[in-house]
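Listing of structure10.json; format and content: JSON, C-alpha atoms.
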```json
[["chain", "number", "residue", "atom", "x", "y", "z"],
["A", 1, "MET", "CA", -5.89, 40.04, -68.98],
["A", 2, "LYS", "CA", -5.07, 43.48, -70.47],
["A", 3, "TRP", "CA", -3.11, 44.31, -67.30],
["A", 4, "ILE", "CA", -0.94, 41.22, -67.75],
["A", 5, "THR", "CA", -0.49, 41.79, -71.48],
["A", 6, "ALA", "CA", 0.59, 45.39, -70.92],
["A", 7, "ARG", "CA", 3.28, 44.42, -68.42],
["A", 8, "ARG", "CA", 4.66, 41.20, -69.86],
["A", 9, "ARG", "CA", 7.23, 43.16, -71.89],
["A", 10, "HIS", "CA", 8.49, 45.01, -68.80],
["A", 11, "PRO", "CA", 12.28, 44.56, -68.29],
["A", 12, "LEU", "CA", 11.71, 42.97, -64.85],
["A", 13, "ALA", "CA", 8.96, 40.60, -66.02],
["A", 14, "GLY", "CA", 11.37, 37.74, -66.67],
["A", 15, "TYR", "CA", 12.92, 38.04, -63.24],
["A", 16, "ALA", "CA", 9.48, 38.09, -61.64],
["A", 17, "VAL", "CA", 8.50, 34.89, -63.42],
["A", 18, "VAL", "CA", 11.70, 33.16, -62.34],
["A", 19, "ILE", "CA", 11.26, 34.27, -58.71],
["A", 20, "LEU", "CA", 7.61, 33.14, -58.75],
["A", 21, "ALA", "CA", 8.56, 29.75, -60.19],
["A", 22, "LEU", "CA", 11.30, 29.24, -57.60],
["A", 23, "THR", "CA", 8.92, 30.24, -54.82],
["A", 24, "LEU", "CA", 6.26, 27.78, -55.97],
["A", 25, "PHE", "CA", 8.87, 25.04, -56.34],
["A", 26, "GLY", "CA", 10.22, 25.68, -52.85],
["A", 27, "VAL", "CA", 6.81, 25.70, -51.24],
["A", 28, "GLY", "CA", 5.81, 22.52, -53.05],
["A", 29, "TYR", "CA", 9.01, 20.74, -52.04],
["A", 30, "ALA", "CA", 8.55, 21.82, -48.42],
["A", 31, "VAL", "CA", 5.06, 20.32, -48.44],
["A", 32, "ILE", "CA", 5.92, 16.96, -49.98],
["A", 33, "ALA", "CA", 9.48, 16.53, -48.71],
["A", 34, "PRO", "CA", 9.77, 14.34, -45.60],
["A", 35, "SER", "CA", 10.56, 16.07, -42.37],
["A", 36, "ALA", "CA", 13.38, 14.88, -40.15],
["A", 37, "GLU", "CA", 10.91, 12.96, -37.98],
["A", 38, "ARG", "CA", 9.18, 11.43, -40.98],
["A", 39, "ALA", "CA", 12.48, 10.51, -42.56],
["A", 40, "GLU", "CA", 13.61, 8.90, -39.31],
["A", 41, "ALA", "CA", 10.33, 6.99, -39.03],
["A", 42, "GLN", "CA", 10.65, 5.76, -42.63],
["A", 43, "THR", "CA", 14.22, 4.67, -41.94],
["A", 44, "LEU", "CA", 13.19, 2.81, -38.79],
["A", 45, "ALA", "CA", 10.29, 1.15, -40.63],
["A", 46, "ALA", "CA", 12.61, 0.07, -43.43],
["A", 47, "ASP", "CA", 15.14, -1.27, -40.92],
["A", 48, "ALA", "CA", 12.37, -3.14, -39.06],
["A", 49, "ALA", "CA", 11.08, -4.66, -42.30],
["A", 50, "ALA", "CA", 14.59, -5.71, -43.27],
["A", 51, "ALA", "CA", 15.18, -7.21, -39.82],
["A", 52, "GLU", "CA", 11.85, -9.07, -39.97],
["A", 53, "GLN", "CA", 12.66, -10.40, -43.42],
["A", 54, "GLU", "CA", 16.07, -11.53, -42.22],
["A", 55, "SER", "CA", 14.52, -13.15, -39.15],
["A", 56, "SER", "CA", 11.96, -14.96, -41.31],
["A", 57, "ALA", "CA", 14.75, -16.23, -43.54],
["A", 58, "GLU", "CA", 16.63, -17.52, -40.47],
["A", 59, "ASP", "CA", 13.46, -19.18, -39.13],
["A", 60, "ALA", "CA", 12.83, -20.84, -42.49],
["A", 61, "ALA", "CA", 16.44, -22.06, -42.63],
["A", 62, "ALA", "CA", 16.09, -23.63, -39.18],
["A", 63, "GLY", "CA", 12.74, -25.11, -40.22],
["A", 64, "LYS", "CA", 14.29, -26.63, -43.34],
["A", 65, "GLU", "CA", 16.77, -28.50, -41.19],
["A", 66, "ILE", "CA", 13.94, -29.90, -39.05],
["A", 67, "PHE", "CA", 11.91, -30.85, -42.12],
["A", 68, "THR", "CA", 14.88, -32.58, -43.77],
["A", 69, "LYS", "CA", 15.67, -34.62, -40.66],
["A", 70, "SER", "CA", 12.17, -35.47, -39.47],
["A", 71, "CYS", "CA", 9.65, -35.09, -42.31],
["A", 72, "ALA", "CA", 11.29, -35.58, -45.70],
["A", 73, "SER", "CA", 11.82, -39.31, -45.18],
["A", 74, "CYS", "CA", 8.03, -39.81, -45.34],
["A", 75, "HIS", "CA", 6.72, -36.81, -47.31],
["A", 76, "GLY", "CA", 9.65, -36.32, -49.67],
["A", 77, "PRO", "CA", 11.99, -33.32, -49.89],
["A", 78, "ASP", "CA", 9.29, -31.19, -51.53],
["A", 79, "GLY", "CA", 6.36, -32.49, -49.46],
["A", 80, "THR", "CA", 4.65, -34.21, -52.38],
["A", 81, "GLY", "CA", 5.18, -37.76, -51.12],
["A", 82, "GLY", "CA", 4.63, -40.21, -53.96],
["A", 83, "GLU", "CA", 6.41, -43.39, -54.97],
["A", 84, "GLY", "CA", 9.07, -44.46, -52.52],
["A", 85, "TYR", "CA", 7.58, -42.47, -49.63],
["A", 86, "THR", "CA", 5.08, -43.62, -47.02],
["A", 87, "GLY", "CA", 3.60, -40.19, -46.25],
["A", 88, "PRO", "CA", 0.92, -38.36, -48.27],
["A", 89, "ASP", "CA", 1.24, -35.15, -50.27],
["A", 90, "ILE", "CA", 1.10, -32.28, -47.77],
["A", 91, "THR", "CA", 1.56, -29.34, -50.13],
["A", 92, "GLY", "CA", -2.11, -28.39, -49.94],
["A", 93, "GLU", "CA", -2.62, -28.91, -46.21],
["A", 94, "GLY", "CA", -1.49, -25.48, -45.01],
["A", 95, "GLY", "CA", 0.55, -24.22, -42.10],
["A", 96, "ALA", "CA", -2.37, -24.71, -39.71],
["A", 97, "ALA", "CA", -2.37, -28.46, -40.38],
["A", 98, "VAL", "CA", 1.40, -28.68, -39.86],
["A", 99, "ASP", "CA", 1.17, -26.76, -36.60],
["A", 100, "PHE", "CA", -1.73, -28.93, -35.39],
["A", 101, "GLN", "CA", -0.17, -32.29, -36.25],
["A", 102, "VAL", "CA", 3.27, -31.46, -34.83],
["A", 103, "SER", "CA", 2.14, -29.52, -31.74],
["A", 104, "THR", "CA", -0.17, -32.38, -30.69],
["A", 105, "GLY", "CA", 2.64, -34.92, -31.07],
["A", 106, "ARG", "CA", 0.92, -36.83, -33.86],
["A", 107, "MET", "CA", 3.77, -36.05, -36.20],
["A", 108, "PRO", "CA", 6.48, -37.12, -36.85],
["A", 109, "SER", "CA", 4.95, -40.60, -37.04],
["A", 110, "THR", "CA", 6.56, -43.99, -37.43],
["A", 111, "ASP", "CA", 3.37, -45.35, -39.02],
["A", 112, "PRO", "CA", 1.64, -42.78, -41.28],
["A", 113, "ASP", "CA", -1.07, -45.30, -42.23],
["A", 114, "SER", "CA", -2.38, -45.56, -38.66],
["A", 115, "GLN", "CA", -4.25, -42.98, -36.63],
["A", 116, "MET", "CA", -1.84, -41.49, -34.14],
["A", 117, "PRO", "CA", -2.90, -40.61, -30.60],
["A", 118, "ARG", "CA", -2.02, -37.32, -28.95],
["A", 119, "LYS", "CA", 1.33, -37.32, -27.19],
["A", 120, "PRO", "CA", 3.95, -34.78, -26.09],
["A", 121, "ALA", "CA", 5.34, -32.78, -29.00],
["A", 122, "ALA", "CA", 8.75, -33.80, -30.32],
["A", 123, "PHE", "CA", 9.77, -30.16, -30.78],
["A", 124, "SER", "CA", 9.54, -26.94, -28.83],
["A", 125, "GLN", "CA", 7.03, -24.31, -29.97],
["A", 126, "GLU", "CA", 9.86, -22.22, -31.39],
["A", 127, "GLU", "CA", 11.03, -25.16, -33.50],
["A", 128, "ILE", "CA", 7.46, -25.80, -34.64],
["A", 129, "ASP", "CA", 7.15, -22.14, -35.66],
["A", 130, "ASP", "CA", 10.39, -22.48, -37.65],
["A", 131, "LEU", "CA", 9.07, -25.62, -39.35],
["A", 132, "VAL", "CA", 5.83, -23.86, -40.28],
["A", 133, "ALA", "CA", 7.80, -20.87, -41.59],
["A", 134, "TYR", "CA", 9.80, -23.15, -43.92],
["A", 135, "TYR", "CA", 6.71, -25.07, -44.99],
["A", 136, "GLU", "CA", 4.80, -21.92, -45.89],
["A", 137, "ALA", "CA", 7.80, -20.37, -47.67],
["A", 138, "GLU", "CA", 8.92, -23.36, -49.73],
["A", 139, "ILE", "CA", 6.32, -26.16, -49.75],
["A", 140, "GLY", "CA", 2.74, -25.14, -48.99],
["A", 141, "ASP", "CA", 0.29, -23.87, -51.61],
["A", 142, "GLU", "CA", -0.93, -20.32, -51.39],
["A", 143, "GLY", "CA", -4.48, -20.07, -50.09],
["A", 144, "ALA", "CA", -4.19, -23.08, -47.77],
["A", 145, "PRO", "CA", -5.19, -22.42, -44.13],
["A", 146, "GLY", "CA", -2.44, -20.64, -42.24],
["A", 147, "VAL", "CA", -1.73, -20.70, -38.51],
["A", 148, "PRO", "CA", -4.29, -18.51, -36.68],
["A", 149, "GLY", "CA", -1.70, -16.46, -34.83],
["A", 150, "ASP", "CA", -4.25, -14.39, -32.90],
["A", 151, "ILE", "CA", -5.57, -17.44, -31.03],
["A", 152, "PRO", "CA", -3.76, -18.70, -27.90],
["A", 153, "GLN", "CA", -1.61, -21.76, -28.27],
["A", 154, "ALA", "CA", -0.73, -24.19, -25.48],
["A", 155, "ALA", "CA", 0.81, -22.82, -22.30],
["A", 156, "PRO", "CA", 4.59, -22.39, -22.49],
["A", 157, "GLU", "CA", 6.71, -25.24, -21.12],
["A", 158, "ARG", "CA", 9.37, -24.59, -18.51],
["A", 159, "SER", "CA", 11.79, -26.81, -20.43],
["A", 160, "ASP", "CA", 11.71, -24.39, -23.37],
["A", 161, "PHE", "CA", 13.31, -21.62, -21.28],
["A", 162, "GLU", "CA", 16.80, -21.48, -19.85],
["A", 163, "ASP", "CA", 15.86, -18.68, -17.47],
["A", 164, "HIS", "CA", 13.02, -19.09, -14.96],
["A", 165, "HIS", "CA", 12.21, -15.38, -15.06],
["A", 166, "ALA", "CA", 11.74, -15.53, -18.84],
["A", 167, "TYR", "CA", 9.41, -18.50, -18.39],
["A", 168, "GLU", "CA", 7.34, -16.64, -15.78],
["A", 169, "GLU", "CA", 6.99, -13.65, -18.10],
["A", 170, "ALA", "CA", 5.96, -15.87, -21.02],
["A", 171, "LEU", "CA", 3.46, -17.71, -18.82],
["A", 172, "GLU", "CA", 1.94, -14.46, -17.56],
["A", 173, "GLU", "CA", 1.64, -13.15, -21.12],
["A", 174, "TRP", "CA", 0.00, -16.41, -22.22],
["A", 175, "GLU", "CA", -2.49, -16.35, -19.33],
["A", 176, "THR", "CA", -3.51, -12.81, -20.22],
["A", 177, "GLU", "CA", -3.96, -13.73, -23.89],
["A", 178, "TYR", "CA", -5.85, -16.92, -23.01],
["A", 179, "GLU", "CA", -8.26, -15.25, -20.60],
["A", 180, "SER", "CA", -8.88, -12.41, -23.04],
["A", 181, "TYR", "CA", -9.77, -14.85, -25.81],
["A", 182, "ILE", "CA", -12.03, -17.08, -23.71],
["A", 183, "GLU", "CA", -13.78, -14.21, -21.96],
["A", 184, "GLY", "CA", -14.15, -12.42, -25.30],
["A", 185, "ALA", "CA", -16.59, -15.06, -26.56],
["A", 186, "GLU", "CA", -19.90, -13.36, -27.26],
["A", 187, "ASP", "CA", -22.29, -16.26, -26.64],
["A", 188, "THR", "CA", -21.07, -19.44, -24.95],
["A", 189, "GLU", "CA", -24.60, -20.88, -25.03],
["A", 190, "ALA", "CA", -24.60, -20.53, -28.82],
["A", 191, "GLY", "CA", -21.22, -22.25, -28.79],
["A", 192, "MET", "CA", -22.75, -25.12, -26.80],
["A", 193, "LYS", "CA", -25.51, -25.53, -29.39],
["A", 194, "LEU", "CA", -22.99, -25.50, -32.24],
["A", 195, "TYR", "CA", -20.82, -28.04, -30.43],
["A", 196, "LEU", "CA", -23.73, -30.39, -29.71],
["A", 197, "ALA", "CA", -24.93, -30.13, -33.31],
["A", 198, "ASN", "CA", -21.55, -30.57, -35.03],
["A", 199, "CYS", "CA", -19.10, -32.23, -32.64],
["A", 200, "ALA", "CA", -20.79, -34.16, -29.82],
["A", 201, "HIS", "CA", -21.79, -37.14, -31.95],
["A", 202, "CYS", "CA", -18.07, -37.98, -32.36],
["A", 203, "HIS", "CA", -16.29, -36.31, -29.44],
["A", 204, "SER", "CA", -19.19, -36.94, -27.00],
["A", 205, "TRP", "CA", -21.12, -34.29, -25.10],
["A", 206, "SER", "CA", -18.28, -33.98, -22.57],
["A", 207, "GLY", "CA", -15.41, -33.78, -25.06],
["A", 208, "GLY", "CA", -14.17, -37.18, -23.92],
["A", 209, "GLY", "CA", -13.96, -38.62, -27.44],
["A", 210, "GLY", "CA", -15.45, -41.82, -28.77],
["A", 211, "ALA", "CA", -15.16, -44.72, -31.20],
["A", 212, "LEU", "CA", -15.73, -44.33, -34.94],
["A", 213, "THR", "CA", -16.05, -46.87, -37.76],
["A", 214, "GLY", "CA", -13.10, -48.70, -39.26],
["A", 215, "GLY", "CA", -11.21, -48.95, -36.00],
["A", 216, "ARG", "CA", -10.72, -45.20, -35.77],
["A", 217, "TRP", "CA", -11.68, -42.91, -32.91],
["A", 218, "ALA", "CA", -12.48, -39.29, -32.20],
["A", 219, "PRO", "CA", -9.90, -38.01, -29.70],
["A", 220, "GLU", "CA", -10.76, -36.35, -26.42],
["A", 221, "LEU", "CA", -10.50, -32.57, -26.38],
["A", 222, "HIS", "CA", -9.56, -31.83, -22.79],
["A", 223, "GLU", "CA", -5.87, -31.19, -23.45],
["A", 224, "SER", "CA", -6.33, -29.22, -26.67],
["A", 225, "SER", "CA", -5.38, -25.55, -26.72],
["A", 226, "PRO", "CA", -7.71, -22.96, -28.30],
["A", 227, "ARG", "CA", -5.40, -22.75, -31.33],
["A", 228, "GLN", "CA", -5.37, -26.52, -31.78],
["A", 229, "LEU", "CA", -9.18, -26.64, -31.61],
["A", 230, "TYR", "CA", -9.43, -23.87, -34.20],
["A", 231, "GLU", "CA", -6.83, -25.53, -36.45],
["A", 232, "ALA", "CA", -8.69, -28.84, -36.26],
["A", 233, "MET", "CA", -11.89, -27.14, -37.41],
["A", 234, "ILE", "CA", -10.30, -25.41, -40.42],
["A", 235, "THR", "CA", -8.14, -28.35, -41.55],
["A", 236, "GLY", "CA", -10.25, -31.43, -40.72],
["A", 237, "PRO", "CA", -7.57, -33.90, -39.55],
["A", 238, "GLY", "CA", -8.27, -37.57, -40.17],
["A", 239, "ALA", "CA", -11.97, -38.35, -40.58],
["A", 240, "MET", "CA", -13.06, -34.98, -39.23],
["A", 241, "PRO", "CA", -14.93, -32.71, -41.66],
["A", 242, "VAL", "CA", -13.64, -29.22, -42.42],
["A", 243, "PHE", "CA", -15.51, -26.31, -40.85],
["A", 244, "ASN", "CA", -14.14, -23.33, -42.73],
["A", 245, "ASP", "CA", -14.87, -19.74, -41.79],
["A", 246, "THR", "CA", -17.83, -19.67, -44.18],
["A", 247, "THR", "CA", -19.49, -22.70, -42.60],
["A", 248, "ILE", "CA", -18.80, -21.59, -39.02],
["A", 249, "THR", "CA", -17.57, -18.02, -38.63],
["A", 250, "PRO", "CA", -14.49, -17.15, -36.52],
["A", 251, "ASP", "CA", -16.74, -15.62, -33.84],
["A", 252, "GLU", "CA", -18.81, -18.82, -33.70],
["A", 253, "LYS", "CA", -15.63, -20.86, -33.46],
["A", 254, "GLN", "CA", -14.57, -18.69, -30.54],
["A", 255, "ASP", "CA", -17.92, -19.39, -28.85],
["A", 256, "MET", "CA", -17.46, -23.13, -29.39],
["A", 257, "ILE", "CA", -13.89, -23.09, -28.07],
["A", 258, "ALA", "CA", -14.99, -21.15, -24.99],
["A", 259, "TYR", "CA", -17.66, -23.78, -24.36],
["A", 260, "VAL", "CA", -15.16, -26.64, -24.74],
["A", 261, "LYS", "CA", -12.80, -24.96, -22.28],
["A", 262, "ASP", "CA", -15.73, -24.61, -19.88],
["A", 263, "LEU", "CA", -16.28, -28.36, -20.20],
["A", 264, "GLN", "CA", -12.66, -28.95, -19.26],
["A", 265, "SER", "CA", -13.00, -26.90, -16.09],
["A", 266, "GLU", "CA", -16.15, -28.69, -14.88],
["A", 267, "PRO", "CA", -15.51, -31.21, -12.07],
["A", 268, "ASN", "CA", -16.27, -34.85, -12.78],
["A", 269, "ALA", "CA", -18.93, -36.07, -10.35],
["A", 270, "GLY", "CA", -18.57, -39.70, -11.38],
["A", 271, "GLY", "CA", -17.42, -40.84, -7.96],
["A", 272, "VAL", "CA", -16.41, -44.46, -7.42],
["A", 273, "PHE", "CA", -18.17, -45.66, -10.58],
["A", 274, "ASP", "CA", -16.66, -43.02, -12.83],
["A", 275, "LEU", "CA", -17.40, -43.73, -16.50],
["A", 276, "ASP", "CA", -15.26, -40.84, -17.74],
["A", 277, "ARG", "CA", -18.37, -38.81, -18.66],
["A", 278, "VAL", "CA", -19.06, -40.89, -21.76],
["A", 279, "GLY", "CA", -22.57, -39.45, -22.04],
["A", 280, "GLN", "CA", -25.97, -39.76, -20.44],
["A", 281, "VAL", "CA", -27.29, -42.35, -22.91],
["A", 282, "ALA", "CA", -24.22, -44.56, -22.67],
["A", 283, "GLU", "CA", -24.07, -44.23, -18.90],
["A", 284, "GLY", "CA", -27.78, -45.06, -18.62],
["A", 285, "PHE", "CA", -27.40, -48.11, -20.86],
["A", 286, "ILE", "CA", -24.43, -49.37, -18.84],
["A", 287, "SER", "CA", -26.31, -48.85, -15.57],
["A", 288, "TRP", "CA", -29.38, -50.63, -16.96],
["A", 289, "THR", "CA", -27.28, -53.56, -18.22],
["A", 290, "VAL", "CA", -25.43, -53.93, -14.93],
["A", 291, "GLY", "CA", -28.69, -53.67, -12.97],
["A", 292, "ILE", "CA", -30.49, -56.30, -15.06],
["A", 293, "SER", "CA", -27.47, -58.60, -14.87],
["A", 294, "LEU", "CA", -27.46, -58.35, -11.08],
["A", 295, "ILE", "CA", -31.19, -59.09, -10.91],
["A", 296, "VAL", "CA", -30.82, -62.12, -13.18],
["A", 297, "ALA", "CA", -27.83, -63.36, -11.16],
["A", 298, "CYS", "CA", -29.78, -63.00, -7.91],
["A", 299, "ALA", "CA", -32.76, -64.86, -9.41],
["A", 300, "ILE", "CA", -30.54, -67.74, -10.55],
["A", 301, "TRP", "CA", -28.83, -67.89, -7.14],
["A", 302, "ILE", "CA", -32.16, -67.92, -5.25],
["A", 303, "THR", "CA", -33.56, -70.61, -7.56],
["A", 304, "ALA", "CA", -30.46, -72.76, -7.10],
["A", 305, "LYS", "CA", -30.62, -72.41, -3.32],
["A", 306, "GLN", "CA", -34.31, -73.30, -3.29],
["A", 307, "ARG", "CA", -33.73, -76.44, -5.36],
["A", 308, "ALA", "CA", -30.91, -77.48, -3.10],
["A", 309, "HIS", "CA", -33.15, -77.00, -0.07],
["A", 310, "ASP", "CA", -35.97, -79.01, -1.61]]
```
Turn the structure described in the file into structure tokens.
Amino acid sequence: MKWITARRRHPLAGYAVVILALTLFGVGYAVIAPSAERAEAQTLAADAAAAEQESSAEDAAAGKEIFTKSCASCHGPDGTGGEGYTGPDITGEGGAAVDFQVSTGRMPSTDPDSQMPRKPAAFSQEEIDDLVAYYEAEIGDEGAPGVPGDIPQAAPERSDFEDHHAYEEALEEWETEYESYIEGAEDTEAGMKLYLANCAHCHSWSGGGGALTGGRWAPELHESSPRQLYEAMITGPGAMPVFNDTTITPDEKQDMIAYVKDLQSEPNAGGVFDLDRVGQVAEGFISWTVGISLIVACAIWITAKQRAHD
């Protein structure tokens, strides 16, 4: 301290302080200032974010046109339905529900009060994505289930591509994603147990569907994509209960979906008397009923012939 005090009045002390301050400032700026590479990376990231935002806005604009033409007549321009509209309030359903209903062809519907069967989708997957983008940006409530984008959707359709090479590339990419998801299931046997405990009583052990009360039915699952199966579990369409990620975890859902896809790939050994794999109990009951009916018919025929002979 005495050394500093003795020299602070030196004629060059002021210059030394200025030089030291400039040196420290320069070193500090060099440390925190972005390099050319970092600056370029930040610029590219900003440009990418701006492009993505612009693309999202374009997708939402295209989706708004689809919603206005095909959905607003039933659900209203803001999705709340209400007086004068036949469709329900869909603001709390979430993008996953929109994607499920439209991708399975159940919506748009000419009769919202009736259960709609699965049929070919009215829109391409790109148009459905645009519709979901508009719904989530302008209509849907925050916190509602969104589209699980990391789960494979249905295989691409050739009609959605102008170029065959582009279709082949999209199909190859989808197959890779699909196989990775199905083979990534940790325990298909656990998925089977979860399916039998939670799904089989409506959709049957084979995924072939079945009748419910009130004239409704549980649809068959053989044509459903992994994403549609997942969306059905987290949104609970129709009379189906909701299995959120707390009730059944995403990994468990993956196990269940892998099991369902295994069911789809199993050959049907029904033969000539194919009952569409409705289930062992139902098949046994039908066989028993047919067998007893044949025995009774034979007994009646034999008795009639004997009386005629007598």
Between atom CA of Ala218 of chain A and atom CA of Asp99 of chain A, distance in Å (one decimal): 19.0 Å
Among the residues A:Pro156, A:Pro250, A:Gly215, A:Pro88, the one that comes closest to Glu169 of chain A [using only C-alpha atoms]: A:Pro156
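Note that atom CA of Asp111 of chain A and atom CA of Tyr85 of chain A are 11.8 Å apart.
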Å distance separating atom CA of Ser224 of chain A from atom CA of Glu173 of chain A, one decimal place: 18.8 Å
Neighbours of point (-8.6, -37.9, -26.2) within 8 Å, using only C-alpha atoms, written as a ChimeraX atom specification: /A:117-118,208-209,218-223
Nearest candidate to Tyr135 of chain A (options A:Phe67, A:Trp288, A:Phe123, A:Phe243; using only C-alpha atoms):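 Once distances to Tyr135 of chain A are computed over only C-alpha atoms, the minimum belongs to A:Phe67.
Residues in contact range of Asp251 of chain A, defined as at most 9 Å between all atoms listed in the file, with sequence neighbours fewer than 4 positions away removed, read A:Ala185, A:Glu186, A:Asp255, A:Met256.
Considering only C-alpha atoms, the residue among A:Val242, A:Ala144, A:Ala121, A:Ile302 positioned nearest to Ile90 of chain A is A:Ala144.
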Nearest-residue call for Thr249 of chain A, choices A:Ile19, A:Ala299, A:Leu131, A:Leu194, using all atoms listed in the file: A:Leu194
Residue contacts of Ala258 of chain A (10 Å, all atoms listed in the file) excluding same-chain residues fewer than 2 positions away, as a PyMOL selection string: chain A and resi 179+181-189+191-192+226+252-256+260-264
So which residues touch segment 106-109 of chain A within 9 Å, counting only C-alpha atoms, skipping near sequence neighbours fewer than 6 positions away, as a CSV table (one decimal) with C-alpha atoms, in the frame of the given file?
```csv
chain,number,residue,atom,x,y,z
A,70,SER,CA,12.2,-35.5,-39.5
A,71,CYS,CA,9.6,-35.1,-42.3
A,74,CYS,CA,8.0,-39.8,-45.3
A,98,VAL,CA,1.4,-28.7,-39.9
A,100,PHE,CA,-1.7,-28.9,-35.4
A,115,GLN,CA,-4.2,-43.0,-36.6
A,116,MET,CA,-1.8,-41.5,-34.1
A,117,PRO,CA,-2.9,-40.6,-30.6
A,118,ARG,CA,-2.0,-37.3,-29.0
A,119,LYS,CA,1.3,-37.3,-27.2
A,120,PRO,CA,4.0,-34.8,-26.1
A,121,ALA,CA,5.3,-32.8,-29.0
A,122,ALA,CA,8.8,-33.8,-30.3
```
Best match for closeness to Val102 of chain A among A:Glu83, A:Asp160, A:Glu127, A:Glu58, counting only C-alpha atoms: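 So, comparing all the options, the nearest one is A:Glu127.
Comparing A:Gln153, A:Thr91, A:Ser103, A:Ser114 by their smallest distance to Glu138 of chain A, the closest is A:Thr91 (using all atoms listed in the file).
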